[in-house]
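Asker: What follows is a single structure, and I will ask about it in a moment.
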Amino acid sequence: MAKSSAPARKTKRPPRTMPREKARALYEALSADRPDPHTELEFINPFTLLVAVALSAQATDVGVNKATRGLFAVADTPEKMLALGEEGVAAHIKTIGLWRNKARNVIALSQLLIDEFDGEVPDTREDLTRLPGVGRKTANVVLNEAFGQPTIAVDTHIFRVSNRTGLAPGKTVDEVEAGLERVTPDEFRHGAHHWLILHGRYVCKARKPECWRCVIADLCKFKPKTPDPATVSSLGPKGP
Ligand code: SF4
């Protein structure tokens, strides 16, 4: 009797990243452009960083900073946050999106930090993601900024830059994160998150990338490159 053989299962290949030497050149250019990159969120200690990052989902850093200046002045520890209470937190953060849920999460995560971590912010992704309102992205930012770990948190800016440039293309955040982990040279791992975010926020903008002033334009596969509006307008109106 003929053996029935199951069809070979195709394993999905991860998307191809940029060649490593080209990726290295890309990071060299970004790091020369911004030698000391940091998050633009304001914080005092790992706890306030954790809260600021958790509040920044679907909100701008500028908006979060406006809200947290007053909040952190009165509550910069889990104990003080609990003493302030959900209503007290909400009163400070009403200007940012999803404030009601976020106030609830800030109180719940403060309680859990006290109950299970002696009031300290843990330094592992596993522990961080147990906290209410803390997902992988928030955990990665905290690990990178507060604990110096070489994590890369993929947000909307990093997702866009990674795909446009061809550095680490992917259809999902997880695919892009995995690609960045593979292609980013060790010496750039700690700063990668900041360089890519800031590049996306200020140069490779969502609606119209400013390719004419981009330091990685020669390495980026995005086409057509956006021309300098000053040059375009100097050409004058089109003829008849
Ligand atoms: S060349 Fe344009 S598309 Fe490519 S990274 Fe720079 S700004 Fe973005």
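By order in the structure tokens, chains are A, B, ...; within a chain, residues start at 1; ligands start at 1, following the order shown.
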Residues near segment 172-187 of chain A, anyone? I mean within 7 Å using only C-alpha atoms, not counting same-chain ones fewer than 5 positions away, as a list of chain:residue names.
Answerer: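 Using only C-alpha atoms, the neighbours found are A:Thr17, A:Arg20, A:Ala23, A:Arg24, A:Ile152, A:Val154, A:Phe159.
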Asker: Listing only residues of chain A within 6 Å of ligand 1, what is the closest atom pair and its distance in Å (to one decimal) for each, using only C-alpha atoms and all ligand atoms, sorted by chain and residue number ascending, as JSON lines?
Answerer:
{"residue": "A:Arg164", "atom": "CA", "partner": "ligand 1", "partner_atom_place_in_ligand_line": "3 (S)", "distance": 5.6}
{"residue": "A:Thr165", "atom": "CA", "partner": "ligand 1", "partner_atom_place_in_ligand_line": "4 (Fe)", "distance": 5.2}
{"residue": "A:Val203", "atom": "CA", "partner": "ligand 1", "partner_atom_place_in_ligand_line": "7 (S)", "distance": 5.4}
{"residue": "A:Cys204", "atom": "CA", "partner": "ligand 1", "partner_atom_place_in_ligand_line": "7 (S)", "distance": 3.8}
{"residue": "A:Pro209", "atom": "CA", "partner": "ligand 1", "partner_atom_place_in_ligand_line": "7 (S)", "distance": 4.4}
{"residue": "A:Glu210", "atom": "CA", "partner": "ligand 1", "partner_atom_place_in_ligand_line": "7 (S)", "distance": 4.7}
{"residue": "A:Cys211", "atom": "CA", "partner": "ligand 1", "partner_atom_place_in_ligand_line": "2 (Fe)", "distance": 3.6}
{"residue": "A:Cys214", "atom": "CA", "partner": "ligand 1", "partner_atom_place_in_ligand_line": "6 (Fe)", "distance": 4.6}
{"residue": "A:Ile216", "atom": "CA", "partner": "ligand 1", "partner_atom_place_in_ligand_line": "6 (Fe)", "distance": 5.5}
{"residue": "A:Ala217", "atom": "CA", "partner": "ligand 1", "partner_atom_place_in_ligand_line": "1 (S)", "distance": 3.7}
{"residue": "A:Cys220", "atom": "CA", "partner": "ligand 1", "partner_atom_place_in_ligand_line": "4 (Fe)", "distance": 4.6}
{"residue": "A:Phe222", "atom": "CA", "partner": "ligand 1", "partner_atom_place_in_ligand_line": "3 (S)", "distance": 5.0}
{"residue": "A:Lys225", "atom": "CA", "partner": "ligand 1", "partner_atom_place_in_ligand_line": "2 (Fe)", "distance": 5.7}
Asker: How many Å separate atom CA of Ser56 of chain A from atom CA of Ala90 of chain A?
Answerer: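 Distance between the two atoms: 14.5 Å.
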Asker: Just want the 7 Å neighbourhood of segment 93-107 of chain A, counted on only C-alpha atoms, with same-chain residues fewer than 2 positions away dropped. Output as number ranges by chain.
Answerer: A: 51, 55, 58-59, 63-64, 67, 81-82, 85-86, 89-91, 109-111, 132-133
Asker: Closest to Thr226 of chain A among A:Gly70, A:His199, A:Arg207, A:Glu87, using only C-alpha atoms?
Answerer: A:Arg207
Asker: With distances taken over only C-alpha atoms, which of A:Thr124, A:Ser162, A:Thr77, A:Thr231 is nearest to Ala146 of chain A?
Answerer: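 Closest to Ala146 of chain A of all the choices is A:Thr124.
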Asker: Would you please work out which residue, of A:Pro78, A:Ile44, A:Leu219, A:Val141, is nearest to Leu113 of chain A when using only C-alpha atoms?
Answerer: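 Counting only C-alpha atoms, the residue closest to Leu113 of chain A is A:Pro78.
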Asker: If we count only C-alpha atoms and set the cut-off at 8 Å, which residues sit around Leu131 of chain A, ignoring sequence neighbours fewer than 3 positions away in its own chain? Please answer as a ChimeraX atom specification.
Answerer: /A:108-109,112-113,127-128,134
Asker: Show me, as an mmCIF file with C-alpha atoms, in the first residue's frame, the residues that have an atom within 12 Å of Phe188 of chain A when counting only C-alpha atoms, minus same-chain residues fewer than 4 positions from it.
Answerer:
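The result, stored in around30.cif:
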data_model
loop_
_atom_site.group_PDB
_atom_site.id
_atom_site.type_symbol
_atom_site.label_atom_id
_atom_site.label_comp_id
_atom_site.auth_asym_id
_atom_site.auth_seq_id
_atom_site.Cartn_x
_atom_site.Cartn_y
_atom_site.Cartn_z
ATOM 1 C CA ALA A 23 21.867 49.239 7.699
ATOM 2 C CA ARG A 24 25.072 50.113 9.519
ATOM 3 C CA ALA A 25 25.575 53.115 7.222
ATOM 4 C CA LEU A 26 21.985 54.185 7.886
ATOM 5 C CA TYR A 27 22.477 54.130 11.664
ATOM 6 C CA GLU A 28 25.828 55.896 11.330
ATOM 7 C CA ALA A 29 24.118 58.728 9.455
ATOM 8 C CA LEU A 30 21.247 58.970 11.950
ATOM 9 C CA SER A 31 23.579 58.882 14.947
ATOM 10 C CA ALA A 32 25.840 61.574 13.455
ATOM 11 C CA PRO A 35 24.432 62.105 18.734
ATOM 12 C CA ASP A 36 22.499 61.919 22.032
ATOM 13 C CA PRO A 37 18.916 60.910 21.389
ATOM 14 C CA GLN A 149 18.502 47.667 27.754
ATOM 15 C CA PRO A 150 18.808 47.475 23.945
ATOM 16 C CA THR A 151 15.075 47.060 23.252
ATOM 17 C CA ILE A 152 13.352 48.529 20.214
ATOM 18 C CA LEU A 180 15.005 45.446 13.482
ATOM 19 C CA GLU A 181 16.408 43.029 16.037
ATOM 20 C CA VAL A 183 19.449 43.963 11.213
ATOM 21 C CA THR A 184 20.492 46.508 13.860
ATOM 22 C CA ALA A 192 17.945 52.670 17.502
ATOM 23 C CA HIS A 193 14.533 53.228 19.047
ATOM 24 C CA HIS A 194 15.158 56.964 19.527
ATOM 25 C CA TRP A 195 16.875 57.590 16.200
ATOM 26 C CA LEU A 196 14.068 55.959 14.246
#
Asker: List every residue of segment 24-240 of chain A that DSSP, applied to the backbone of this structure, places in helix (DSSP H, G or I), and write the result as an MDAnalysis selection string.
Answerer: chainID A and resid 24:33 46:55 61:74 78:93 99:117 125:128 136:147 156:165 173:183 186:202 211:213 217:219 229:234
